[in-house]
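Shown next: target_1.cif, given as mmCIF, C-alpha atoms and all ligand atoms.
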```cif
data_final
loop_
_atom_site.label_atom_id
_atom_site.label_comp_id
_atom_site.auth_asym_id
_atom_site.auth_seq_id
_atom_site.Cartn_x
_atom_site.Cartn_y
_atom_site.Cartn_z
CA MET A 1 -14.94 10.78 -69.94
CA SER A 2 -15.48 12.21 -66.43
CA GLU A 3 -12.71 11.69 -63.90
CA TYR A 4 -12.98 11.68 -60.11
CA GLU A 5 -10.88 10.76 -57.14
CA VAL A 6 -13.77 8.80 -55.60
CA ALA A 7 -16.82 7.31 -57.33
CA ILE A 8 -19.64 5.97 -55.14
CA VAL A 9 -21.99 3.54 -56.85
CA GLY A 10 -25.52 3.64 -55.39
CA GLY A 11 -27.82 6.50 -54.50
CA GLY A 12 -29.47 4.91 -51.49
CA CYS A 13 -29.05 6.00 -47.87
CA VAL A 14 -25.64 4.32 -47.59
CA GLY A 15 -24.11 5.77 -50.77
CA CYS A 16 -25.48 9.25 -49.99
CA SER A 17 -24.28 9.08 -46.40
CA VAL A 18 -20.76 8.15 -47.53
CA ALA A 19 -20.84 11.04 -50.03
CA TYR A 20 -22.03 13.45 -47.33
CA HIS A 21 -19.39 12.41 -44.78
CA LEU A 22 -16.48 12.05 -47.21
CA ALA A 23 -17.18 15.45 -48.77
CA GLY A 24 -17.50 16.96 -45.28
CA GLN A 25 -14.06 15.74 -44.23
CA THR A 26 -11.99 16.12 -47.41
CA ASP A 27 -11.54 18.13 -50.59
CA LEU A 28 -11.64 15.00 -52.75
CA ASP A 29 -13.44 15.12 -56.10
CA ILE A 30 -16.39 12.80 -55.51
CA CYS A 31 -19.35 11.58 -57.55
CA VAL A 32 -22.34 9.33 -56.90
CA VAL A 33 -23.45 7.08 -59.77
CA GLU A 34 -27.03 5.81 -59.60
CA LYS A 35 -28.76 3.68 -62.21
CA GLU A 36 -32.27 5.00 -61.56
CA HIS A 37 -33.43 8.51 -62.47
CA HIS A 38 -34.34 9.13 -58.81
CA LEU A 39 -32.54 8.38 -55.56
CA ALA A 40 -33.81 5.93 -52.91
CA GLU A 41 -35.77 3.90 -55.47
CA HIS A 42 -34.94 0.53 -53.94
CA GLN A 43 -34.31 -0.52 -50.31
CA SER A 44 -33.91 3.07 -49.05
CA GLY A 45 -37.33 4.08 -50.32
CA ARG A 46 -39.13 0.76 -49.91
CA ASN A 47 -38.85 -0.03 -46.21
CA SER A 48 -40.88 0.39 -43.01
CA GLY A 49 -39.26 3.73 -42.22
CA VAL A 50 -38.65 2.73 -38.61
CA VAL A 51 -35.76 4.16 -36.64
CA HIS A 52 -34.80 1.05 -34.65
CA PRO A 53 -33.14 2.06 -31.38
CA GLY A 54 -31.31 -1.26 -31.05
CA PHE A 55 -33.14 -3.02 -28.22
CA ASN A 56 -33.25 -6.42 -29.93
CA TYR A 57 -29.70 -6.84 -31.22
CA PRO A 58 -26.99 -8.85 -29.41
CA PRO A 59 -24.92 -6.37 -27.34
CA SER A 60 -21.59 -7.22 -28.96
CA SER A 61 -22.94 -6.97 -32.50
CA LEU A 62 -22.17 -4.26 -35.02
CA LYS A 63 -25.93 -3.97 -35.52
CA ALA A 64 -26.37 -2.87 -31.90
CA LYS A 65 -23.47 -0.42 -32.08
CA PHE A 66 -24.59 1.22 -35.34
CA ALA A 67 -28.33 1.21 -34.52
CA THR A 68 -27.99 2.89 -31.12
CA GLU A 69 -25.69 5.58 -32.46
CA GLY A 70 -27.72 5.81 -35.68
CA THR A 71 -30.96 6.44 -33.80
CA ARG A 72 -29.52 9.34 -31.87
CA ARG A 73 -27.91 10.87 -34.93
CA MET A 74 -30.90 10.33 -37.22
CA LYS A 75 -33.10 12.19 -34.74
CA GLU A 76 -30.67 15.11 -34.57
CA TYR A 77 -30.23 15.22 -38.36
CA CYS A 78 -33.96 15.14 -39.05
CA GLU A 79 -34.62 17.84 -36.46
CA GLU A 80 -31.94 20.10 -37.96
CA ASN A 81 -33.12 19.52 -41.52
CA ASP A 82 -36.86 19.54 -41.01
CA ILE A 83 -37.40 15.95 -42.11
CA PRO A 84 -40.58 14.26 -40.88
CA LEU A 85 -39.73 12.02 -37.90
CA GLU A 86 -42.22 10.98 -35.21
CA GLU A 87 -41.03 9.51 -31.91
CA LEU A 88 -43.94 7.14 -31.52
CA GLY A 89 -42.36 4.30 -29.56
CA VAL A 90 -42.84 0.60 -30.22
CA LEU A 91 -44.76 -2.08 -28.37
CA VAL A 92 -43.47 -5.67 -28.68
CA VAL A 93 -46.29 -7.93 -27.62
CA ALA A 94 -46.03 -11.41 -26.14
CA THR A 95 -48.97 -13.71 -26.67
CA ASP A 96 -47.80 -16.72 -24.64
CA GLN A 97 -45.50 -17.62 -21.74
CA LYS A 98 -42.54 -18.46 -23.98
CA GLU A 99 -42.74 -15.05 -25.62
CA ARG A 100 -43.15 -13.42 -22.20
CA GLU A 101 -39.84 -14.99 -21.12
CA ARG A 102 -38.22 -13.79 -24.33
CA LEU A 103 -39.28 -10.21 -23.49
CA THR A 104 -37.14 -10.38 -20.36
CA GLU A 105 -34.15 -11.49 -22.44
CA ILE A 106 -34.77 -8.66 -24.89
CA GLN A 107 -34.99 -6.17 -22.05
CA GLU A 108 -31.63 -7.37 -20.69
CA GLN A 109 -30.09 -6.88 -24.15
CA ALA A 110 -31.68 -3.45 -24.44
CA THR A 111 -30.26 -2.39 -21.08
CA GLU A 112 -26.78 -3.56 -22.12
CA ASN A 113 -27.17 -1.58 -25.34
CA GLY A 114 -28.16 1.50 -23.34
CA VAL A 115 -31.73 1.54 -24.70
CA LYS A 116 -34.59 2.38 -22.32
CA THR A 117 -37.46 -0.11 -22.20
CA GLU A 118 -40.30 -0.97 -19.86
CA ILE A 119 -42.20 -4.24 -19.47
CA LEU A 120 -45.97 -3.88 -19.35
CA GLU A 121 -47.27 -6.78 -17.28
CA THR A 122 -51.00 -6.63 -17.92
CA ARG A 123 -53.42 -6.23 -20.79
CA GLU A 124 -54.68 -2.99 -19.17
CA GLU A 125 -51.19 -1.47 -19.25
CA ILE A 126 -50.77 -2.50 -22.90
CA GLN A 127 -54.08 -0.97 -23.81
CA GLU A 128 -53.18 2.32 -22.19
CA HIS A 129 -50.63 2.61 -25.03
CA GLU A 130 -52.53 0.80 -27.75
CA PRO A 131 -56.21 0.24 -26.96
CA HIS A 132 -56.66 -2.41 -29.69
CA ALA A 133 -53.45 -4.41 -29.26
CA ALA A 134 -53.43 -8.07 -28.20
CA GLY A 135 -51.00 -9.63 -25.75
CA GLU A 136 -50.67 -10.61 -22.14
CA ALA A 137 -47.47 -8.63 -21.70
CA ALA A 138 -45.41 -6.27 -23.81
CA LEU A 139 -42.08 -4.53 -23.99
CA TYR A 140 -42.40 -0.82 -24.59
CA CYS A 141 -39.52 1.10 -26.13
CA PRO A 142 -40.24 4.82 -26.33
CA GLU A 143 -37.17 5.64 -28.41
CA ALA A 144 -38.40 3.99 -31.63
CA ALA A 145 -39.47 6.45 -34.30
CA SER A 146 -40.94 6.66 -37.75
CA VAL A 147 -39.10 8.61 -40.47
CA ASP A 148 -39.70 9.60 -44.07
CA SER A 149 -36.81 7.69 -45.60
CA GLN A 150 -37.02 9.20 -49.09
CA LYS A 151 -36.96 12.77 -47.81
CA TYR A 152 -34.02 11.81 -45.59
CA VAL A 153 -32.00 10.43 -48.52
CA TYR A 154 -32.77 13.49 -50.68
CA SER A 155 -31.68 15.76 -47.84
CA LEU A 156 -28.36 13.89 -47.41
CA ALA A 157 -27.82 14.06 -51.18
CA GLY A 158 -28.60 17.79 -51.20
CA ASP A 159 -26.09 18.37 -48.42
CA ALA A 160 -23.49 16.29 -50.26
CA GLU A 161 -24.14 18.27 -53.45
CA ASN A 162 -23.63 21.51 -51.51
CA ARG A 163 -20.30 20.08 -50.41
CA GLY A 164 -19.30 19.62 -54.06
CA VAL A 165 -20.37 16.05 -54.86
CA ASP A 166 -21.64 15.41 -58.42
CA PHE A 167 -24.64 13.13 -58.87
CA TYR A 168 -25.13 11.06 -62.02
CA THR A 169 -28.64 9.60 -62.03
CA GLY A 170 -29.72 7.31 -64.86
CA TYR A 171 -26.18 5.86 -65.12
CA GLU A 172 -26.09 2.11 -64.63
CA VAL A 173 -22.64 0.68 -64.01
CA LYS A 174 -22.44 -2.27 -66.39
CA LYS A 175 -18.79 -3.18 -65.99
CA ILE A 176 -15.75 -2.07 -64.02
CA LYS A 177 -12.33 -2.21 -65.67
CA THR A 178 -9.24 -1.34 -63.66
CA VAL A 179 -6.24 -0.16 -65.67
CA ASP A 180 -3.11 1.37 -64.12
CA ASP A 181 -4.73 2.03 -60.72
CA THR A 182 -7.77 3.74 -62.26
CA HIS A 183 -11.25 2.22 -62.15
CA HIS A 184 -13.22 2.80 -65.33
CA LEU A 185 -16.94 2.49 -64.73
CA LEU A 186 -18.57 1.59 -68.03
CA THR A 187 -22.13 2.86 -67.58
CA SER A 188 -25.28 2.93 -69.68
CA ASN A 189 -24.42 6.60 -70.35
CA GLY A 190 -20.65 6.62 -70.91
CA THR A 191 -17.53 6.04 -68.86
CA ILE A 192 -16.77 7.55 -65.45
CA SER A 193 -13.29 7.02 -64.05
CA ALA A 194 -12.08 7.20 -60.48
CA SER A 195 -9.00 6.33 -58.47
CA TYR A 196 -11.14 4.93 -55.64
CA LEU A 197 -14.45 3.11 -55.83
CA VAL A 198 -17.11 2.76 -53.14
CA ASN A 199 -19.63 0.08 -53.95
CA ALA A 200 -22.94 0.81 -52.20
CA ALA A 201 -25.07 -0.80 -54.89
CA GLY A 202 -27.48 -2.53 -52.49
CA LEU A 203 -29.10 -5.49 -54.23
CA TYR A 204 -26.27 -5.64 -56.81
CA ALA A 205 -23.33 -4.94 -54.48
CA ASP A 206 -22.11 -8.55 -54.61
CA GLU A 207 -22.05 -8.59 -58.41
CA LEU A 208 -19.92 -5.44 -58.61
CA ALA A 209 -17.64 -6.70 -55.81
CA HIS A 210 -17.14 -10.04 -57.59
CA GLN A 211 -16.08 -8.20 -60.75
CA MET A 212 -13.24 -6.78 -58.66
CA GLY A 213 -12.38 -10.10 -57.02
CA VAL A 214 -13.87 -9.09 -53.64
CA GLY A 215 -16.31 -11.03 -51.44
CA GLU A 216 -16.46 -14.06 -53.70
CA GLU A 217 -17.54 -16.28 -50.82
CA TYR A 218 -20.77 -14.26 -50.49
CA GLN A 219 -23.87 -13.83 -52.60
CA ILE A 220 -26.98 -11.72 -52.12
CA VAL A 221 -30.20 -13.68 -51.81
CA PRO A 222 -33.09 -11.27 -52.35
CA PHE A 223 -35.96 -11.52 -49.84
CA ARG A 224 -39.12 -9.62 -50.72
CA GLY A 225 -41.14 -7.93 -47.97
CA GLU A 226 -44.73 -7.14 -48.89
CA TYR A 227 -46.96 -4.63 -47.15
CA TYR A 228 -50.65 -4.03 -46.81
CA GLU A 229 -52.06 -0.79 -45.44
CA LEU A 230 -55.14 -0.13 -43.34
CA VAL A 231 -58.00 1.70 -45.05
CA PRO A 232 -58.15 5.32 -43.78
CA GLN A 233 -61.30 4.68 -41.68
CA LYS A 234 -59.47 1.97 -39.66
CA ARG A 235 -56.16 3.72 -39.05
CA ASP A 236 -57.27 4.62 -35.53
CA LEU A 237 -56.85 0.98 -34.53
CA VAL A 238 -53.10 1.60 -34.34
CA ASN A 239 -51.51 4.72 -32.85
CA THR A 240 -47.84 3.80 -32.97
CA MET A 241 -45.98 0.59 -33.81
CA ILE A 242 -46.97 -2.90 -32.75
CA TYR A 243 -44.52 -5.77 -33.22
CA PRO A 244 -44.60 -9.51 -32.48
CA THR A 245 -41.94 -10.92 -30.16
CA PRO A 246 -38.96 -11.58 -32.46
CA ASP A 247 -37.29 -14.95 -32.79
CA SER A 248 -33.61 -14.44 -31.93
CA GLU A 249 -32.51 -16.94 -34.60
CA LEU A 250 -34.22 -15.14 -37.48
CA PRO A 251 -33.02 -11.92 -39.04
CA PHE A 252 -36.50 -10.70 -39.97
CA LEU A 253 -38.88 -9.22 -37.45
CA GLY A 254 -42.19 -10.72 -38.55
CA VAL A 255 -45.26 -8.88 -39.84
CA HIS A 256 -45.94 -5.77 -37.75
CA PHE A 257 -47.97 -2.57 -37.71
CA THR A 258 -46.24 0.77 -38.32
CA ARG A 259 -47.74 4.24 -38.33
CA ARG A 260 -45.77 6.21 -40.87
CA THR A 261 -45.03 9.91 -40.81
CA ASP A 262 -47.74 10.46 -43.47
CA ASP A 263 -50.20 8.80 -41.03
CA LYS A 264 -50.69 5.69 -43.13
CA VAL A 265 -50.65 2.49 -41.10
CA ILE A 266 -48.72 -0.21 -42.94
CA ILE A 267 -48.68 -3.89 -42.07
CA GLY A 268 -45.73 -6.09 -43.01
CA PRO A 269 -43.25 -6.96 -44.23
CA ASN A 270 -43.24 -10.69 -44.69
CA ALA A 271 -40.01 -12.27 -45.97
CA VAL A 272 -40.23 -14.42 -49.06
CA LEU A 273 -37.61 -15.36 -51.67
CA ALA A 274 -37.88 -12.82 -54.51
CA PHE A 275 -37.71 -14.34 -57.99
CA GLY A 276 -35.45 -11.49 -59.10
CA ARG A 277 -33.51 -8.77 -57.27
CA GLU A 278 -36.08 -6.15 -58.23
CA ALA A 279 -39.10 -8.46 -58.64
CA TYR A 280 -41.48 -6.49 -56.43
CA GLU A 281 -44.62 -8.43 -57.39
CA ASN A 282 -45.06 -12.09 -56.46
CA THR A 283 -45.88 -12.77 -60.12
CA GLN A 284 -42.63 -11.23 -61.42
CA PHE A 285 -39.61 -13.33 -62.46
CA ASP A 286 -36.11 -12.60 -63.64
CA ILE A 287 -35.03 -15.96 -64.99
CA SER A 288 -31.27 -15.36 -64.95
CA GLU A 289 -31.29 -13.87 -61.42
CA LEU A 290 -33.49 -16.69 -60.15
CA ALA A 291 -31.17 -19.24 -61.77
CA SER A 292 -28.21 -17.59 -60.08
CA THR A 293 -29.91 -17.98 -56.66
CA PHE A 294 -30.82 -21.59 -57.40
CA LYS A 295 -27.26 -22.35 -58.58
CA TYR A 296 -25.83 -20.93 -55.37
CA GLU A 297 -24.71 -23.63 -52.93
CA GLY A 298 -25.07 -21.23 -50.00
CA PHE A 299 -28.79 -20.84 -50.70
CA TRP A 300 -29.42 -24.60 -50.50
CA LYS A 301 -27.26 -24.91 -47.38
CA LEU A 302 -29.27 -22.11 -45.76
CA LEU A 303 -32.51 -23.89 -46.61
CA ALA A 304 -31.20 -27.22 -45.33
CA SER A 305 -32.17 -26.40 -41.74
CA PRO A 306 -35.68 -27.70 -40.93
CA LYS A 307 -36.41 -24.40 -39.11
CA MET A 308 -35.64 -22.35 -42.24
CA ILE A 309 -37.80 -24.57 -44.43
CA GLY A 310 -40.71 -24.14 -42.00
CA VAL A 311 -40.24 -20.36 -41.94
CA ALA A 312 -39.93 -20.20 -45.75
CA LEU A 313 -43.18 -22.11 -46.28
CA ASN A 314 -45.00 -20.01 -43.71
CA GLU A 315 -43.82 -16.78 -45.36
CA LEU A 316 -44.74 -18.04 -48.85
CA ASN A 317 -48.19 -18.78 -47.53
CA LYS A 318 -48.47 -15.16 -46.33
CA SER A 319 -47.42 -13.92 -49.76
CA TYR A 320 -49.88 -15.94 -51.83
CA ARG A 321 -52.78 -16.21 -49.33
CA LYS A 322 -54.03 -12.88 -48.05
CA GLU A 323 -55.93 -14.72 -45.27
CA ALA A 324 -52.63 -16.06 -43.86
CA PHE A 325 -51.20 -12.51 -43.81
CA ILE A 326 -54.32 -11.24 -42.08
CA GLU A 327 -54.24 -14.04 -39.50
CA ALA A 328 -50.67 -13.05 -38.59
CA SER A 329 -51.81 -9.42 -38.26
CA GLN A 330 -54.81 -10.36 -36.12
CA SER A 331 -52.52 -11.99 -33.58
CA LEU A 332 -51.35 -8.42 -32.85
CA VAL A 333 -54.58 -6.45 -33.42
CA PRO A 334 -57.54 -8.86 -33.26
CA GLU A 335 -60.11 -6.32 -34.46
CA VAL A 336 -58.68 -5.90 -37.96
CA GLU A 337 -60.78 -7.54 -40.65
CA THR A 338 -60.15 -8.62 -44.23
CA GLU A 339 -61.87 -5.58 -45.74
CA ASP A 340 -59.61 -3.24 -43.71
CA PHE A 341 -56.53 -4.28 -45.74
CA ARG A 342 -55.37 -2.70 -49.02
CA LYS A 343 -52.35 -4.02 -50.90
CA SER A 344 -49.48 -1.57 -50.58
CA TYR A 345 -45.86 -1.50 -51.79
CA ALA A 346 -43.06 -4.07 -51.43
CA GLY A 347 -39.34 -3.84 -50.74
CA ILE A 348 -36.57 -6.36 -51.33
CA ARG A 349 -33.82 -6.99 -48.79
CA ALA A 350 -30.29 -7.50 -50.09
CA GLN A 351 -29.52 -10.34 -47.68
CA VAL A 352 -26.01 -11.74 -47.92
CA VAL A 353 -25.50 -15.50 -47.51
CA ARG A 354 -22.04 -17.04 -47.23
CA GLU A 355 -21.26 -20.09 -49.38
CA ASP A 356 -21.45 -22.34 -46.28
CA GLY A 357 -25.12 -21.33 -45.85
CA THR A 358 -24.59 -18.77 -43.07
CA LEU A 359 -27.00 -15.89 -43.24
CA ILE A 360 -24.98 -12.78 -42.37
CA LYS A 361 -26.81 -10.70 -39.78
CA ASP A 362 -24.27 -7.98 -39.08
CA PRO A 363 -23.23 -5.26 -41.50
CA LEU A 364 -20.41 -6.46 -43.76
CA PHE A 365 -17.90 -4.16 -45.43
CA GLU A 366 -14.98 -5.53 -47.45
CA HIS A 367 -12.03 -3.72 -48.99
CA GLY A 368 -10.26 -4.47 -52.26
CA SER A 369 -7.57 -2.67 -54.16
CA GLN A 370 -8.51 1.03 -53.93
CA SER A 371 -12.11 0.04 -53.27
CA THR A 372 -14.63 -0.47 -50.47
CA HIS A 373 -17.68 -2.68 -50.82
CA VAL A 374 -20.84 -2.53 -48.68
CA LEU A 375 -21.89 -6.15 -48.99
CA ASN A 376 -24.49 -6.45 -46.24
CA ALA A 377 -26.48 -3.44 -45.11
CA VAL A 378 -29.71 -5.10 -44.07
CA SER A 379 -32.20 -3.73 -41.55
CA PRO A 380 -31.66 -1.53 -39.59
CA GLY A 381 -29.45 -0.14 -42.35
CA LEU A 382 -31.56 2.98 -42.72
CA THR A 383 -31.31 3.72 -38.99
CA SER A 384 -27.56 3.04 -39.09
CA SER A 385 -26.79 5.00 -42.23
CA LEU A 386 -25.18 8.06 -40.57
CA PRO A 387 -22.66 6.05 -38.52
CA PHE A 388 -22.11 3.79 -41.57
CA GLY A 389 -21.08 6.92 -43.49
CA ASP A 390 -18.62 7.94 -40.79
CA HIS A 391 -17.19 4.47 -40.36
CA LEU A 392 -16.75 3.96 -44.11
CA THR A 393 -15.19 7.40 -44.55
CA GLU A 394 -12.57 6.55 -41.95
CA ALA A 395 -11.85 3.19 -43.62
CA ILE A 396 -11.64 4.80 -47.08
CA LEU A 397 -9.27 7.53 -45.88
CA ASN A 398 -7.02 4.91 -44.26
CA GLN A 399 -6.88 3.05 -47.56
CA ILE A 400 -6.25 6.17 -49.64
CA GLU A 401 -3.44 7.30 -47.34
C1 LIG B 501 -38.81 -4.38 -46.71
C2 LIG B 501 -37.72 -3.66 -45.98
C3 LIG B 501 -37.98 -3.06 -44.74
C4 LIG B 501 -36.96 -2.39 -44.06
N1 LIG B 501 -37.27 -1.71 -42.92
C5 LIG B 501 -36.31 -0.97 -42.31
C6 LIG B 501 -36.63 -0.17 -41.20
O1 LIG B 501 -37.78 -0.04 -40.80
N2 LIG B 501 -35.61 0.50 -40.57
C7 LIG B 501 -34.32 0.42 -41.00
O2 LIG B 501 -33.45 1.00 -40.37
N3 LIG B 501 -33.99 -0.33 -42.09
C8 LIG B 501 -34.96 -0.99 -42.76
N4 LIG B 501 -34.65 -1.71 -43.89
C9 LIG B 501 -33.26 -1.76 -44.33
C10 LIG B 501 -32.86 -0.51 -45.11
O3 LIG B 501 -33.87 -0.12 -46.00
C11 LIG B 501 -31.56 -0.83 -45.88
O4 LIG B 501 -30.61 -1.30 -44.96
C12 LIG B 501 -30.97 0.40 -46.56
O5 LIG B 501 -31.95 1.08 -47.30
C13 LIG B 501 -29.85 -0.03 -47.48
O6 LIG B 501 -29.43 1.11 -48.18
P1 LIG B 501 -28.42 1.00 -49.39
O7 LIG B 501 -28.06 2.38 -49.76
O8 LIG B 501 -27.33 0.05 -49.02
O9 LIG B 501 -29.22 0.23 -50.55
P2 LIG B 501 -30.28 0.77 -51.61
O10 LIG B 501 -31.23 1.72 -51.03
O11 LIG B 501 -30.84 -0.44 -52.26
O12 LIG B 501 -29.40 1.57 -52.63
C14 LIG B 501 -28.56 0.96 -53.59
C15 LIG B 501 -28.63 1.78 -54.85
O13 LIG B 501 -27.70 1.27 -55.79
C16 LIG B 501 -28.25 1.40 -57.08
N5 LIG B 501 -27.56 0.48 -57.97
C17 LIG B 501 -27.56 -0.87 -57.92
N6 LIG B 501 -26.81 -1.36 -58.91
C18 LIG B 501 -26.30 -0.31 -59.59
C19 LIG B 501 -25.47 -0.20 -60.72
N7 LIG B 501 -24.99 -1.29 -61.34
N8 LIG B 501 -25.15 1.04 -61.18
C20 LIG B 501 -25.61 2.15 -60.54
N9 LIG B 501 -26.44 2.09 -59.47
C21 LIG B 501 -26.77 0.87 -58.99
C22 LIG B 501 -29.72 1.06 -56.87
O14 LIG B 501 -30.55 1.55 -57.89
C23 LIG B 501 -30.00 1.69 -55.51
O15 LIG B 501 -30.56 2.98 -55.62
C24 LIG B 501 -35.65 -2.36 -44.60
C25 LIG B 501 -35.40 -2.95 -45.86
C26 LIG B 501 -36.43 -3.56 -46.55
C27 LIG B 501 -36.14 -4.11 -47.91
#
```
Spell out the structure here as structure tokens.
Amino acid sequence: MSEYEVAIVGGGCVGCSVAYHLAGQTDLDICVVEKEHHLAEHQSGRNSGVVHPGFNYPPSSLKAKFATEGTRRMKEYCEENDIPLEELGVLVVATDQKERERLTEIQEQATENGVKTEILETREEIQEHEPHAAGEAALYCPEAASVDSQKYVYSLAGDAENRGVDFYTGYEVKKIKTVDDTHHLLTSNGTISASYLVNAAGLYADELAHQMGVGEEYQIVPFRGEYYELVPQKRDLVNTMIYPTPDSELPFLGVHFTRRTDDKVIIGPNAVLAFGREAYENTQFDISELASTFKYEGFWKLLASPKMIGVALNELNKSYRKEAFIEASQSLVPEVETEDFRKSYAGIRAQVVREDGTLIKDPLFEHGSQSTHVLNAVSPGLTSSLPFGDHLTEAILNQIE
């Protein structure tokens, strides 16, 4: 049996960032326990890879605080560690008057958050940035960037390892038993014990937390985001990132175009209920996980709002009908055609919903006895991962002391 002072469950950007920061500030014996044989196999390696500077989050929110700081720190970290990051900037296009008005609101928020933006008032100005983009007006945010999220996570893990952290990959935590102030993690590969547990298990964080009597009023509802990519000959239609005007009431941004650091142009993600926490294909089911979502009162309360039902049906349509996905994309770049799209990867968001049906938009961290649980680290969780690591380290050290 291996024994540690701190065990971190989850080898995504959050778990690795906590390991990196905690090992940088203390001499504690720390390990990271990851069920897959590689790191960043789930949300941290299956996302859009966008560093979101925080222009579209409410100024008092934790999202705004972590994203603005996270953007600055991610850029510095990637520069120092030679990780691919391109400062491409993002264009948020408005296609009607209502969206145009919303751009002004977003700009006000951005200014309060300290993020530079500019409103482009004419089609000509838009097309100086993106010659093939639609829209009558757009908000331009030069600070947005594209990053290679897997390389970033591996770099953080490498740094943590150099600071003495042990990594156990291929160890799935099946059960946690706490006896005499020690947590025993019963894994698929033997037992690992620790005095303190950090739960950064992403899509399964709620299940581990519930085993320890924490966060029982919350459950993760998995929302799949599917991507297409442009065929190489059509990548020139998009130079940077083109987004629709976001709806302030929804946590997801809507299908958008992103040029990645490997020069692929991806389109997506949509947001559709996943029939399993790791059901990446729309034909895949995990019966017991689906049943657990359907048994959850919070899920039905969330769906009870007519707006959510409309959005859910619209997103389902985009998942099962390629034409619907393409129509949404053409509202941003009218020249793209059906044959320009290739199916690409999918990611699943670990979206926390409270039992009263509230969809939690801000990051949510809860503490239990000698344990910290990252219950909601939805987008822009990648962008925010360095400040998350700092914040959690401080909270953990307060608890340990
Ligand atoms: C489609 C999509 C697009 C996104 N786009 C962006 C974006 O452009 N910009 C941005 O900033 N953010 C984005 N995000 C959000 C971002 O990816 C997440 O916030 C972030 O990756 C969460 O990291 P994590 O470490 O908490 O979770 P994860 O990366 O999911 O890591 C959790 C880890 O825990 C492991 N694990 C789970 N259960 C166990 C167990 N029982 N035992 C051992 N290990 C376990 C898993 O295998 C996994 O590796 C996006 C997310 C998705 C899904």
Residues of chain A at most 6 Å from ligand LIG 501 (chain B): nearest atom pair and distance in Å, only C-alpha atoms and all ligand atoms, as CSV:
```
residue,atom,partner,partner_atom,distance
A:Val9,CA,B:LIG501,C20,5.4
A:Gly10,CA,B:LIG501,O13,3.2
A:Gly11,CA,B:LIG501,O15,4.6
A:Gly12,CA,B:LIG501,O7,3.4
A:Cys13,CA,B:LIG501,O7,4.2
A:Val14,CA,B:LIG501,O7,3.8
A:Gly15,CA,B:LIG501,O7,5.3
A:Val33,CA,B:LIG501,C20,5.4
A:Glu34,CA,B:LIG501,N9,3.8
A:Lys35,CA,B:LIG501,C20,3.9
A:Glu36,CA,B:LIG501,O14,5.3
A:Leu39,CA,B:LIG501,O15,5.8
A:Ala40,CA,B:LIG501,O15,5.2
A:Glu41,CA,B:LIG501,O15,5.3
A:His42,CA,B:LIG501,O11,4.5
A:Gln43,CA,B:LIG501,O10,3.9
A:Ser44,CA,B:LIG501,O5,3.3
A:Asn47,CA,B:LIG501,C3,3.5
A:Ser48,CA,B:LIG501,O1,3.8
A:Gly49,CA,B:LIG501,O1,4.3
A:Val50,CA,B:LIG501,O1,3.6
A:Val51,CA,B:LIG501,N2,5.4
A:His52,CA,B:LIG501,O2,5.9
A:Tyr171,CA,B:LIG501,C20,5.9
A:Glu172,CA,B:LIG501,N8,3.7
A:Val173,CA,B:LIG501,N8,3.8
A:Lys174,CA,B:LIG501,N7,5.7
A:Ala200,CA,B:LIG501,O8,5.5
A:Ala201,CA,B:LIG501,O13,3.5
A:Gly202,CA,B:LIG501,O9,3.8
A:Leu203,CA,B:LIG501,O11,5.7
A:Tyr204,CA,B:LIG501,N6,4.8
A:Gly225,CA,B:LIG501,C1,4.4
A:Pro269,CA,B:LIG501,C1,5.7
A:Gly347,CA,B:LIG501,C1,4.1
A:Ile348,CA,B:LIG501,C27,4.1
A:Arg349,CA,B:LIG501,C27,3.8
A:Ala377,CA,B:LIG501,O4,4.7
A:Val378,CA,B:LIG501,O4,4.0
A:Ser379,CA,B:LIG501,C9,3.6
A:Pro380,CA,B:LIG501,O2,3.2
A:Gly381,CA,B:LIG501,O4,3.1
A:Leu382,CA,B:LIG501,O2,3.6
A:Thr383,CA,B:LIG501,O2,3.7
```
*Find the residue from A:Gln127, A:Gly298, A:Pro363, A:Val92 that sits nearest to Val255 of chain A; use all atoms listed in the file when measuring.*
A:Val92
_Counting all atoms listed in the file, which residues sit no farther than 12 Å from the position (-18.8, -6.5, -59.0) in the file's frame? I'd like them as a PyMOL selection string._
chain A and resi 9+173-178+183+185+197-216+218-220+368+371-375
*asked:* Report as a list in words all protein, DNA and RNA residues lying within 9 Å of Ile30 of chain A, evaluated on all atoms listed in the file, omitting residues in the same chain fewer than 3 positions from it.
replied: Tyr4, Glu5, Val6, Ala7, Ile8, Ala19, Leu22, Ala23, Asp27, Gly164, Val165, Asp166, Phe167 and Ala194 of chain A
*Hey, what's within 12 Å of segment 283-288 of chain A if we count only C-alpha atoms and toss same-chain stuff fewer than 5 positions away? As a VMD selection string, please?*
chain A and resid 222 224 273 to 278 293 to 295 319 to 320
_Which residues are close to Ala64 of chain A, i.e. within 12 Å by all atoms listed in the file, leaving aside same-chain residues fewer than 2 positions away? Reply as an MDAnalysis selection string._
chainID A and resid 52:62 66:71 109:115 361:363 379:381 383:384 387
Let me know the centre plus edge lengths, in Å and rounded to one decimal, of a box with edges along x, y and z that contains all listed atoms of segment 218-230 of chain A and is padded by 4 Å on every side, as JSON.
```
{"center_x": -38.0, "center_y": -7.2, "center_z": -48.0, "size_x": 42.4, "size_y": 22.1, "size_z": 17.3}
```
Under the rule of at most 10 Å, produce a per-residue listing of segment 200-261 of chain A near segment 101-105 of chain A: chain, number, name, the closest pair of atoms, and the distance in Å, as a tab-separated table, using all atoms listed in the file.
```
residue	atom	partner	partner_atom	distance
A:Thr245	CA	A:Leu103	CA	7.2
A:Pro246	CA	A:Arg102	CA	8.5
A:Asp247	CA	A:Arg102	CA	8.6
A:Ser248	CA	A:Arg102	CA	8.9
```
